[in-house]
>>> print(open('my_file_16.txt').read())   # compact mmCIF, C-alpha atoms
# COMPACT_ATOMS: atom_id res chain seq x y z
CA MET K 220 101.06 143.22 103.94
CA VAL K 221 101.01 139.51 103.28
CA THR K 222 100.84 138.72 99.58
CA LYS K 223 100.43 135.47 97.70
CA GLU K 224 104.07 135.83 96.64
CA SER K 225 105.28 136.04 100.21
CA ILE K 226 103.19 132.99 101.18
CA LEU K 227 104.66 131.07 98.26
CA SER K 228 108.22 132.04 99.18
CA TRP K 229 107.68 130.96 102.80
CA LEU K 230 106.16 127.68 101.66
CA ASP K 231 109.25 127.10 99.51
CA GLU K 232 110.93 126.20 102.78
CA VAL K 233 108.38 123.46 103.56
CA CYS K 234 109.74 120.14 102.35
CA ASP K 235 108.58 116.59 101.92
CA PRO K 236 109.35 114.90 105.26
CA GLU K 237 110.69 111.80 103.48
CA ILE K 238 112.63 113.65 100.78
CA PRO K 239 113.88 116.76 102.60
CA VAL K 240 115.46 118.29 99.48
CA LEU K 241 112.11 118.69 97.71
CA SER K 242 109.75 121.53 98.55
CA LEU K 243 106.04 120.82 98.33
CA ALA K 244 105.95 123.07 95.25
CA ASP K 245 108.80 121.11 93.60
CA LEU K 246 106.89 117.91 94.27
CA GLY K 247 103.69 119.27 92.74
CA VAL K 248 101.79 118.58 95.96
CA LEU K 249 101.10 122.28 96.56
CA ARG K 250 98.16 123.06 94.29
CA GLY K 251 96.94 126.49 95.30
CA VAL K 252 97.24 129.52 97.55
CA GLU K 253 94.25 131.81 97.81
CA TYR K 254 92.88 134.47 100.14
CA LEU K 255 89.24 133.75 100.85
CA ASN K 256 86.88 134.47 103.76
CA ASP K 257 89.55 136.48 105.62
CA GLU K 258 91.94 133.54 105.62
CA TRP K 259 94.66 132.05 103.47
CA GLN K 260 93.48 128.80 101.90
CA ILE K 261 96.24 126.36 100.97
CA THR K 262 95.36 123.44 98.70
CA ILE K 263 97.45 120.26 98.57
CA THR K 264 96.98 116.89 96.88
CA PRO K 265 98.40 113.50 97.95
CA THR K 266 100.92 111.63 95.81
CA TYR K 267 99.33 108.30 96.77
CA SER K 268 95.99 107.81 98.60
CA GLY K 269 97.61 106.35 101.67
CA CYS K 270 100.68 108.60 101.80
CA PRO K 271 101.34 108.89 105.55
CA ALA K 272 103.31 112.10 105.02
CA MET K 273 100.22 114.18 104.17
CA LYS K 274 99.39 114.99 107.79
CA THR K 275 102.98 116.07 108.47
CA MET K 276 102.94 118.24 105.34
CA GLU K 277 99.75 119.91 106.51
CA ASP K 278 101.17 120.56 109.99
CA ASP K 279 104.43 121.86 108.54
CA ILE K 280 102.58 124.31 106.29
CA LEU K 281 100.53 125.66 109.20
CA LEU K 282 103.61 125.90 111.41
CA LYS K 283 105.63 127.75 108.78
CA LEU K 284 102.85 130.28 108.17
CA LYS K 285 102.33 130.72 111.89
CA GLU K 286 106.00 131.72 112.22
CA HIS K 287 105.08 134.63 109.97
CA GLY K 288 101.89 135.36 111.91
CA VAL K 289 99.60 134.03 109.21
CA GLN K 290 96.47 132.01 109.97
CA ALA K 291 95.59 129.53 107.25
CA LYS K 292 93.51 126.51 106.37
CA VAL K 293 94.83 123.50 104.47
CA HIS K 294 92.53 121.65 102.08
CA LEU K 295 93.18 118.25 100.57
CA VAL K 296 91.93 117.68 97.02
CA LEU K 297 92.00 114.42 95.05
CA SER K 298 91.21 115.70 91.58
CA PRO K 299 93.01 116.36 89.31
CA ALA K 300 95.02 113.41 90.56
CA TRP K 301 98.71 113.99 91.20
CA THR K 302 101.10 112.88 88.48
CA THR K 303 104.89 112.83 88.36
CA ASP K 304 104.55 115.24 85.41
CA TRP K 305 104.03 117.92 88.06
CA LEU K 306 107.47 117.38 89.51
CA SER K 307 109.39 120.58 88.70
CA GLU K 308 112.61 120.60 86.66
CA SER K 309 114.57 121.82 89.67
CA GLY K 310 112.86 119.10 91.70
CA ARG K 311 114.17 116.45 89.30
CA VAL K 312 117.71 117.79 89.61
CA LYS K 313 117.48 117.93 93.42
CA LEU K 314 116.15 114.35 93.54
CA LYS K 315 119.08 113.05 91.53
CA GLU K 316 121.60 114.95 93.68
CA PHE K 317 119.96 113.41 96.74
CA GLY K 318 120.51 109.91 95.29
CA ILE K 319 116.97 109.20 94.08
CA ALA K 320 116.51 108.60 90.34
CA PRO K 321 113.82 110.95 88.95
CA PRO K 322 110.85 109.44 87.02
CA GLU K 323 111.43 108.22 83.46
CA ASN K 324 108.67 107.76 80.93
CA GLU K 325 107.35 104.29 81.58
CA VAL K 326 105.73 101.59 79.52
CA ASP K 327 102.03 100.84 79.70
CA LYS K 328 101.19 99.04 82.94
CA SER K 329 98.69 96.75 81.20
CA VAL K 330 101.62 94.93 79.57
CA LEU K 331 102.63 92.07 81.85
CA PHE K 332 106.29 91.17 82.20
CA ALA K 333 107.31 94.16 80.09
CA ALA K 334 111.00 94.94 80.38
CA PRO K 335 111.34 97.26 83.37
CA THR K 336 112.04 100.91 82.61
CA VAL K 337 115.71 101.72 82.14
CA VAL K 338 116.59 103.99 85.04
CA PRO K 339 120.09 105.51 85.02
CA CYS K 340 122.00 105.22 88.29
CA PRO K 341 121.80 108.57 90.13
CA ARG K 342 125.39 108.11 91.36
CA CYS K 343 127.46 106.86 88.41
CA ASN K 344 124.95 107.55 85.58
CA SER K 345 125.31 104.03 84.23
CA ARG K 346 122.24 102.77 82.37
CA GLU K 347 122.99 99.22 83.44
CA THR K 348 120.68 98.94 86.40
CA LYS K 349 118.06 96.42 87.45
CA MET K 350 114.73 96.74 89.16
CA VAL K 351 114.75 94.91 92.48
CA SER K 352 111.14 95.64 93.35
CA GLN K 353 108.35 97.73 91.89
CA PHE K 354 107.43 98.69 95.44
CA GLY K 355 110.07 100.54 97.46
CA SER K 356 110.68 102.29 100.75
CA THR K 357 107.66 104.57 100.25
CA ALA K 358 104.58 104.30 98.04
CA CYS K 359 106.06 106.70 95.47
CA LYS K 360 109.34 104.82 94.98
CA ALA K 361 110.58 101.61 93.41
CA HIS K 362 113.77 99.84 94.36
CA TYR K 363 116.67 99.55 91.88
CA GLN K 364 120.28 98.52 91.93
CA CYS K 365 123.17 99.70 89.76
CA LEU K 366 125.02 96.82 88.10
CA ILE K 367 128.17 98.89 87.56
CA CYS K 368 128.78 100.60 90.92
CA SER K 369 126.60 98.06 92.80
CA GLU K 370 124.86 100.84 94.68
CA PRO K 371 121.18 100.18 95.55
CA PHE K 372 119.01 103.23 94.96
CA ASP K 373 115.45 104.48 95.07
CA TYR K 374 113.63 105.35 91.90
CA PHE K 375 110.83 107.91 92.09
CA LYS K 376 108.40 105.95 89.95
CA CYS K 377 106.42 107.47 87.14
CA LEU K 378 102.73 107.92 87.90
CA LYS K 379 100.39 109.07 85.14
CA MET D 240 69.39 110.02 105.06
CA LYS D 241 69.44 111.94 101.80
CA ASN D 242 70.66 109.17 99.58
CA GLU D 243 70.60 105.74 101.12
CA ALA D 244 71.43 103.94 97.87
CA LEU D 245 74.59 106.00 97.44
CA TYR D 246 75.50 105.54 101.09
CA ASN D 247 75.31 101.75 100.77
CA TYR D 248 77.22 101.68 97.52
CA VAL D 249 80.13 103.79 98.75
CA LEU D 250 80.18 101.85 102.02
CA ARG D 251 80.70 98.62 100.06
CA LEU D 252 83.59 100.20 98.15
CA GLY D 253 85.13 101.56 101.34
CA ASP D 254 84.78 98.32 103.30
CA ASP D 255 86.29 96.26 100.48
CA SER D 256 89.38 98.49 100.57
CA LEU D 257 89.57 98.62 104.35
CA ILE D 258 89.26 94.89 104.98
CA LEU D 259 91.65 93.82 102.24
CA GLY D 260 94.10 96.53 103.37
CA GLN D 261 93.98 95.15 106.91
CA ARG D 262 94.48 91.58 105.67
CA LEU D 263 97.51 92.52 103.57
CA GLY D 264 98.96 94.42 106.52
CA GLU D 265 99.13 91.11 108.40
CA TRP D 266 102.00 90.17 106.09
CA CYS D 267 104.15 92.98 107.48
CA GLY D 268 107.34 91.33 108.71
CA HIS D 269 106.23 87.90 107.42
CA GLY D 270 106.61 88.20 103.62
CA PRO D 271 108.40 85.35 101.82
CA ILE D 272 111.08 87.80 100.68
CA LEU D 273 111.76 91.38 101.76
CA GLU D 274 110.62 92.87 98.43
CA GLU D 275 107.25 91.13 98.64
CA ASP D 276 106.85 92.10 102.26
CA ILE D 277 107.25 95.71 101.17
CA ALA D 278 105.05 95.26 98.11
CA MET D 279 102.15 93.82 100.10
CA THR D 280 102.34 96.53 102.75
CA ASN D 281 102.61 99.23 100.05
CA ILE D 282 99.43 97.87 98.46
CA SER D 283 97.84 97.69 101.89
CA LEU D 284 98.67 101.35 102.42
CA ASP D 285 97.12 102.33 99.09
CA LEU D 286 93.96 100.41 99.99
CA ILE D 287 93.72 101.96 103.43
CA GLY D 288 94.26 105.39 101.87
CA GLN D 289 91.42 104.68 99.44
CA ALA D 290 89.27 103.47 102.33
CA MET D 291 89.89 106.77 104.15
CA SER D 292 88.60 108.81 101.20
CA LEU D 293 85.66 106.47 100.61
CA LEU D 294 84.61 106.23 104.26
CA ASP D 295 84.94 109.99 104.74
CA TYR D 296 82.50 110.33 101.86
CA VAL D 297 80.19 107.73 103.45
CA GLY D 298 80.19 109.86 106.61
CA GLU D 299 79.41 112.96 104.58
CA ILE D 300 76.45 111.28 102.85
CA GLU D 301 75.16 110.04 106.20
CA GLY D 302 75.43 113.55 107.62
CA GLN D 303 76.01 112.63 111.25
CA GLY D 304 79.54 113.95 111.47
CA LYS D 305 81.31 110.58 111.33
CA ASP D 306 84.77 110.45 109.80
CA HIS D 307 86.69 107.48 108.43
CA ASP D 308 88.02 106.51 111.85
CA ALA D 309 84.55 106.38 113.39
CA LEU D 310 83.38 104.16 110.54
CA ALA D 311 86.45 101.92 110.45
CA PHE D 312 86.79 101.33 114.18
CA LEU D 313 83.37 101.67 115.74
CA ARG D 314 80.97 99.49 113.82
CA PHE D 315 79.86 95.97 114.62
CA GLU D 316 80.56 93.03 112.38
CA ASN D 317 77.13 92.95 110.75
CA GLU D 318 77.48 96.60 109.75
CA TYR D 319 80.44 95.91 107.45
CA ARG D 320 79.55 95.46 103.80
CA ASN D 321 82.76 94.07 102.31
CA ALA D 322 82.61 91.03 100.03
CA LEU D 323 83.43 87.73 101.75
CA LEU D 324 86.43 87.23 99.45
CA LEU D 325 88.34 90.05 101.13
CA GLU D 326 88.01 88.84 104.71
CA GLN D 327 89.28 85.33 103.89
CA PRO D 328 92.50 84.51 105.74
CA ASN D 329 95.81 85.12 103.98
CA GLY D 330 96.77 81.44 103.82
CA ASP D 331 100.01 80.95 101.92
CA PHE D 332 101.51 83.47 99.48
CA ALA D 333 99.71 81.88 96.52
CA ASN D 334 96.38 82.24 98.32
CA THR D 335 97.05 85.91 99.15
CA MET D 336 98.06 86.67 95.55
CA MET D 337 95.03 84.83 94.13
CA ARG D 338 92.66 86.79 96.38
CA GLN D 339 94.45 89.98 95.34
CA PHE D 340 94.32 89.15 91.65
CA LEU D 341 90.61 88.26 91.65
CA PHE D 342 89.93 91.57 93.41
CA ASP D 343 92.29 93.80 91.38
CA ALA D 344 90.81 92.45 88.14
CA PHE D 345 87.42 93.64 89.46
CA ARG D 346 88.54 96.97 90.91
CA LYS D 347 90.38 98.25 87.85
CA PRO D 348 87.43 98.21 85.40
CA LEU D 349 85.16 99.45 88.19
CA TYR D 350 87.34 102.51 88.85
CA GLU D 351 87.67 103.09 85.10
CA LYS D 352 83.89 103.36 84.89
CA LEU D 353 83.53 105.36 88.11
CA LEU D 354 85.82 107.98 86.55
CA GLU D 355 82.80 108.96 84.45
CA SER D 356 80.50 109.13 87.47
CA THR D 357 78.14 112.10 87.60
CA ASP D 358 79.00 112.24 91.30
CA GLN D 359 82.11 114.43 91.46
CA GLN D 360 83.49 113.02 94.69
CA ILE D 361 83.24 109.42 93.45
CA ALA D 362 84.89 110.42 90.17
CA ALA D 363 87.73 112.14 92.07
CA ILE D 364 88.37 109.14 94.32
CA ALA D 365 88.29 106.83 91.28
CA GLU D 366 90.76 109.05 89.42
CA LYS D 367 93.20 108.91 92.31
CA SER D 368 92.72 105.21 93.06
CA LEU D 369 92.84 103.92 89.48
CA LYS D 370 96.50 104.89 89.12
CA GLU D 371 97.34 102.78 92.17
CA THR D 372 95.09 99.89 91.18
CA LYS D 373 96.88 99.53 87.83
CA TYR D 374 100.10 98.81 89.73
CA HIS D 375 98.32 96.32 91.98
CA LEU D 376 96.80 94.40 89.09
CA LYS D 377 100.10 94.22 87.24
CA HIS D 378 101.81 92.93 90.36
CA SER D 379 99.21 90.28 91.22
CA SER D 380 98.77 89.13 87.58
CA GLU D 381 102.50 88.61 87.16
CA TRP D 382 102.66 86.58 90.37
CA ILE D 383 99.69 84.40 89.36
CA ILE D 384 101.42 83.61 86.06
CA ARG D 385 104.77 82.93 87.75
CA LEU D 386 103.24 80.69 90.39
CA GLY D 387 100.82 78.86 88.09
CA ASP D 388 103.34 78.33 85.33
CA GLY D 389 106.21 77.77 87.79
CA THR D 390 107.19 74.62 89.64
CA ASP D 391 104.85 71.71 90.43
CA GLU D 392 104.64 72.95 93.99
CA SER D 393 103.79 76.56 93.12
CA HIS D 394 101.31 75.41 90.45
CA GLN D 395 99.53 73.15 92.88
CA ARG D 396 99.34 75.87 95.54
CA ALA D 397 98.01 78.43 93.05
CA GLN D 398 95.40 75.95 91.78
CA THR D 399 94.32 75.11 95.34
CA ALA D 400 93.94 78.84 96.04
CA LEU D 401 91.85 79.32 92.90
CA ASP D 402 89.63 76.35 93.79
CA LEU D 403 89.12 77.76 97.27
CA LEU D 404 88.49 81.39 96.34
CA TRP D 405 86.49 81.05 93.13
CA ARG D 406 83.31 80.49 95.13
CA TYR D 407 83.58 84.04 96.52
CA THR D 408 83.85 85.85 93.19
CA ASP D 409 80.20 86.20 92.13
CA GLU D 410 79.49 88.28 95.19
CA LEU D 411 81.77 91.05 93.92
CA PHE D 412 79.14 91.81 91.27
CA PHE D 413 76.24 91.99 93.71
CA GLU D 414 73.70 94.65 92.81
CA THR D 415 70.74 95.76 94.91
CA ALA D 416 67.41 97.04 93.61
CA ASP D 417 68.54 100.46 94.87
CA ASP D 418 71.64 100.36 92.71
CA VAL D 419 69.44 100.47 89.61
CA SER D 420 68.59 104.09 90.39
CA LEU D 421 72.31 104.91 90.76
CA VAL D 422 73.03 103.28 87.41
CA ALA D 423 70.16 105.17 85.79
CA SER D 424 71.47 108.51 87.02
CA GLY D 425 74.98 107.77 85.78
CA ILE D 426 76.54 107.65 89.25
CA VAL D 427 77.75 104.05 88.98
CA PRO D 428 78.14 101.57 86.11
CA SER D 429 76.10 98.42 85.74
CA MET D 430 77.89 95.41 87.21
CA ASN D 431 77.27 93.43 84.02
CA GLU D 432 79.78 95.63 82.23
CA ILE D 433 82.33 95.15 85.00
CA LYS D 434 81.84 91.41 85.05
CA THR D 435 82.51 91.15 81.31
CA GLN D 436 85.80 93.00 81.74
CA TRP D 437 86.71 90.99 84.83
CA SER D 438 86.07 87.65 83.09
CA LYS D 439 88.26 88.71 80.18
CA THR D 440 91.22 89.59 82.42
CA VAL D 441 90.78 86.58 84.67
CA GLN D 442 90.50 84.10 81.82
CA SER D 443 93.52 85.38 79.93
CA VAL D 444 95.80 85.52 83.00
CA LEU D 445 94.68 82.13 84.35
CA GLU D 446 95.16 80.57 80.95
CA GLU D 447 98.70 81.89 80.73
CA ALA D 448 99.24 80.62 84.27
CA THR D 449 98.05 77.14 83.15
CA LEU D 450 95.44 77.22 85.91
CA VAL D 451 91.96 75.77 85.50
CA ILE D 452 88.80 77.60 86.54
CA PRO D 453 86.72 75.27 88.77
CA THR D 454 83.73 73.73 87.04
CA ASN D 455 81.72 73.60 90.25
CA ASN D 456 80.30 77.09 90.28
CA TRP D 457 78.49 77.03 93.60
CA GLN D 458 78.89 80.49 95.13
CA PHE D 459 78.86 82.00 98.61
CA GLU D 460 77.28 85.36 99.33
CA GLY D 461 76.37 87.37 102.42
CA GLY D 462 79.02 90.02 103.04
CA ARG D 463 77.14 92.65 101.06
CA ARG D 464 74.18 92.10 103.41
CA GLY D 465 76.33 92.11 106.55
CA ILE D 466 76.35 88.32 106.96
CA HIS D 467 80.02 87.39 107.24
CA SER D 468 82.21 84.34 107.61
CA GLU D 469 83.69 83.62 111.04
CA HIS D 470 86.98 85.19 109.91
CA LEU D 471 85.79 88.79 109.96
CA GLY D 472 85.24 88.84 113.72
CA PHE D 473 88.87 87.97 114.42
CA LEU D 474 90.07 90.51 111.89
CA LEU D 475 87.95 93.23 113.50
CA ALA D 476 89.20 92.31 116.96
CA ASP D 477 92.69 93.13 115.73
CA LEU D 478 91.62 96.23 113.82
CA GLN D 479 89.42 97.73 116.54
CA TYR D 480 91.31 96.71 119.67
CA MET D 481 92.88 100.09 120.40
CA GLN D 482 89.73 102.19 119.98
CA ARG D 483 87.64 99.71 121.96
CA ALA D 484 90.13 99.45 124.83
CA TYR D 485 90.91 103.17 124.94
CA PRO D 486 87.90 105.01 123.46
CA ASN D 487 88.76 108.20 121.54
CA MET D 488 92.49 107.68 121.97
CA LYS D 489 94.59 109.63 119.49
CA TRP D 490 97.81 108.43 117.95
>>> encode(input="my_file_16.txt", output="structure tokens")
Amino acid sequence: MVTKESILSWLDEVCDPEIPVLSLADLGVLRGVEYLNDEWQITITPTYSGCPAMKTMEDDILLKLKEHGVQAKVHLVLSPAWTTDWLSESGRVKLKEFGIAPPENEVDKSVLFAAPTVVPCPRCNSRETKMVSQFGSTACKAHYQCLICSEPFDYFKCLK
Amino acid sequence: MKNEALYNYVLRLGDDSLILGQRLGEWCGHGPILEEDIAMTNISLDLIGQAMSLLDYVGEIEGQGKDHDALAFLRFENEYRNALLLEQPNGDFANTMMRQFLFDAFRKPLYEKLLESTDQQIAAIAEKSLKETKYHLKHSSEWIIRLGDGTDESHQRAQTALDLLWRYTDELFFETADDVSLVASGIVPSMNEIKTQWSKTVQSVLEEATLVIPTNNWQFEGGRRGIHSEHLGFLLADLQYMQRAYPNMKW
């Protein structure tokens, strides 16, 4: 019999298409798994409103469950709004190993020209890094560079 | 229609996001530096994402089975309800940033108030969008200060942009007689409140940028009633081309 646990373990293999080391659960995008009206109902939430990966995530979930003979529906919810606080501890470790700096606690965005958040380099751990751009390769990332090893890197920016 | 006032209100929100998102997208591959190219297209993506949620809700209120694509691609010019400010051409970088700043300074307090909306779907969209809008406002404010308080050239360009765009700002706070019922039932805030907040932000940033608010306060309006400047038609030609040439085509 298919249980919620088995669904969750199968979905553990469904990853963010842009960050293939993070499962949707690690990312905090997977919000719920429920059996209702003779069907499994999977609830996900977008990281950013325009995240183009949402459709792929939905298709990947359905495909994965289909492999196990499970019919499901995917629902998209906006509230409560996704926050980087939902990123799991293991997700943070995997991000860093993949070369993306995990979110740090950031200063209030209403302060203009505030010193950018200190983000340690995911490769050499130096704290001497600089923000190149607040907007990076995807909506959820900012662009940084390490001043010690010179490596450019993505920073998974804090969203609260 | 069950709630025409709500339909019109959400349509205005959705069209503002859609049209500005499309305008910013025009910078893709043309930004003054790579980082700004990416920033403007990131912001464009956020706005188009917000437009998707808002226009889906518009379709739901209308109840005729239209989704965001049907509303974005298959309306005529006079059916769009965006403010004139947002359809104005990009111009130079200073002009694009000024348009963005004047809008972000309006959108942030609006979303903050819509968080408390008694309409759950509006509150949910506001909750999601506010987090993004905070980034946008920080980005555009910092650029306005850098440009205004920068070189003679950047100051002059920022001031020219302000002089040009100021006349489109009053329209952002447009309120219909129908909106009064939405305000009364706690669905939307009164625009007076939003305007107070907007003026505060705009004045403090422009002052720091050493830019001067135009004294001639003659204002354009029309977009909220579907009467647009000549620029919207060209924008829509670009936006709608694919669906018009190949109806119902899927990506």
>>> residues_around(input="my_file_16.txt", residues="region 316-324 of chain K", least_positions_apart="2", cutoff="12 Å", atoms="only C-alpha atoms", output="PyMOL selection string")
chain K and resi 237-241+246+302-314+326-328+335-346+348+355-356+359-365+370-379
>>> atom_distance(input="my_file_16.txt", atom1="CA of Ala244 (chain K)", atom2="CA of Gln360 (chain D)")
24.6 Å
>>> residues_around(input="my_file_16.txt", residues="Leu323 (chain D)", least_positions_apart="2", cutoff="7 Å", atoms="all atoms listed in the file", output="list in words")
Asn321, Leu325, Glu326, Gln327, Tyr407, Gly462, His467 and Ser468 of chain D
>>> closest_atom_pairs(input="my_file_16.txt", of="chain K", to="chain D", cutoff="6 Å", atoms="all atoms listed in the file", output="CSV")
residue,atom,partner,partner_atom,distance
K:Ser268,CA,D:Gly288,CA,4.4
K:Gly269,CA,D:Gly288,CA,3.5
K:Leu297,CA,D:Ala363,CA,5.7
K:Ser298,CA,D:Ala363,CA,5.0
K:Ala300,CA,D:Lys367,CA,5.2
K:Ser352,CA,D:Glu274,CA,5.8
K:Phe354,CA,D:Ala278,CA,5.0
K:Ala358,CA,D:Asn281,CA,5.8
>>> atom_distance(input="my_file_16.txt", atom1="CA of Glu432 (chain D)", atom2="CA of Ala344 (chain D)")
12.9 Å
>>> closest_residue(input="my_file_16.txt", among="D:Tyr248, D:Phe345, D:Asp295, D:Thr372", to="Ser329 (chain K)", atoms="only C-alpha atoms")
D:Thr372
>>> atom_distance(input="my_file_16.txt", atom1="CA of Val297 (chain D)", atom2="CA of Val249 (chain D)")
6.1 Å
>>> closest_residue(input="my_file_16.txt", among="K:Cys234, K:Met220, K:Leu284, K:Leu249", to="Thr262 (chain K)", atoms="only C-alpha atoms")
K:Leu249
>>> closest_residue(input="my_file_16.txt", among="K:Asp245, K:Glu325, K:Glu253, K:Glu258", to="Val233 (chain K)", atoms="only C-alpha atoms")
K:Asp245
>>> axis_aligned_box(input="my_file_16.txt", around="region 317-330 of chain K", padding_each_side="4 Å", output="JSON")
{"center_x": 109.6, "center_y": 104.2, "center_z": 88.1, "size_x": 29.8, "size_y": 26.5, "size_z": 25.2}
>>> closest_residue(input="my_file_16.txt", among="K:Val296, K:Ile263, K:Val221, K:Ala272", to="Asp235 (chain K)", atoms="all atoms listed in the file")
K:Ala272
>>> residues_around(input="my_file_16.txt", residues="Phe473 (chain D)", least_positions_apart="3", cutoff="12 Å", atoms="only C-alpha atoms", output="PDB file with C-alpha atoms, keeping the file's coordinate frame")
ATOM      1  CA  ILE D 258      89.260  94.890 104.980  1.00  0.00           C
ATOM      2  CA  GLN D 261      93.980  95.150 106.910  1.00  0.00           C
ATOM      3  CA  ARG D 262      94.480  91.580 105.670  1.00  0.00           C
ATOM      4  CA  GLU D 316      80.560  93.030 112.380  1.00  0.00           C
ATOM      5  CA  GLU D 326      88.010  88.840 104.710  1.00  0.00           C
ATOM      6  CA  GLN D 327      89.280  85.330 103.890  1.00  0.00           C
ATOM      7  CA  PRO D 328      92.500  84.510 105.740  1.00  0.00           C
ATOM      8  CA  HIS D 467      80.020  87.390 107.240  1.00  0.00           C
ATOM      9  CA  SER D 468      82.210  84.340 107.610  1.00  0.00           C
ATOM     10  CA  GLU D 469      83.690  83.620 111.040  1.00  0.00           C
ATOM     11  CA  HIS D 470      86.980  85.190 109.910  1.00  0.00           C
ATOM     12  CA  ALA D 476      89.200  92.310 116.960  1.00  0.00           C
ATOM     13  CA  ASP D 477      92.690  93.130 115.730  1.00  0.00           C
ATOM     14  CA  LEU D 478      91.620  96.230 113.820  1.00  0.00           C
ATOM     15  CA  GLN D 479      89.420  97.730 116.540  1.00  0.00           C
ATOM     16  CA  TYR D 480      91.310  96.710 119.670  1.00  0.00           C
TER      17      TYR D 480
END
>>> residues_around(input="my_file_16.txt", residues="Pro428 (chain D)", least_positions_apart="2", cutoff="8 Å", atoms="all atoms listed in the file", output="PyMOL selection string")
chain D and resi 349+352-353+422+425-426+430+432-433
>>> residues_around(input="my_file_16.txt", residues="Arg385 (chain D)", least_positions_apart="5", cutoff="9 Å", atoms="all atoms listed in the file", output="PyMOL selection string")
chain D and resi 380+390+393-394+448
>>> build_atoms(input="my_file_16.txt", residues="region 431-442 of chain D", atoms="N, CA and C atoms", output="CSV table (one decimal), in the coordinates of the input")
chain,number,residue,atom,x,y,z
D,431,ASN,N,77.1,94.3,85.2
D,431,ASN,CA,77.3,93.4,84.0
D,431,ASN,C,78.5,93.8,83.2
D,432,GLU,N,78.6,95.1,83.0
D,432,GLU,CA,79.8,95.6,82.2
D,432,GLU,C,81.1,95.2,82.9
D,433,ILE,N,81.1,95.4,84.2
D,433,ILE,CA,82.3,95.2,85.0
D,433,ILE,C,82.7,93.7,85.0
D,434,LYS,N,81.6,92.8,85.0
D,434,LYS,CA,81.8,91.4,85.0
D,434,LYS,C,82.4,90.9,83.7
D,435,THR,N,82.0,91.5,82.6
D,435,THR,CA,82.5,91.2,81.3
D,435,THR,C,84.0,91.4,81.3
D,436,GLN,N,84.4,92.6,81.7
D,436,GLN,CA,85.8,93.0,81.7
D,436,GLN,C,86.6,92.1,82.7
D,437,TRP,N,86.1,91.8,83.8
D,437,TRP,CA,86.7,91.0,84.8
D,437,TRP,C,87.0,89.6,84.2
D,438,SER,N,85.9,89.0,83.6
D,438,SER,CA,86.1,87.6,83.1
D,438,SER,C,87.2,87.6,82.0
D,439,LYS,N,87.2,88.7,81.2
D,439,LYS,CA,88.3,88.7,80.2
D,439,LYS,C,89.7,88.7,80.8
D,440,THR,N,89.9,89.5,81.8
D,440,THR,CA,91.2,89.6,82.4
D,440,THR,C,91.5,88.3,83.1
D,441,VAL,N,90.6,87.8,83.9
D,441,VAL,CA,90.8,86.6,84.7
D,441,VAL,C,91.1,85.4,83.8
D,442,GLN,N,90.3,85.2,82.7
D,442,GLN,CA,90.5,84.1,81.8
D,442,GLN,C,91.9,84.2,81.2
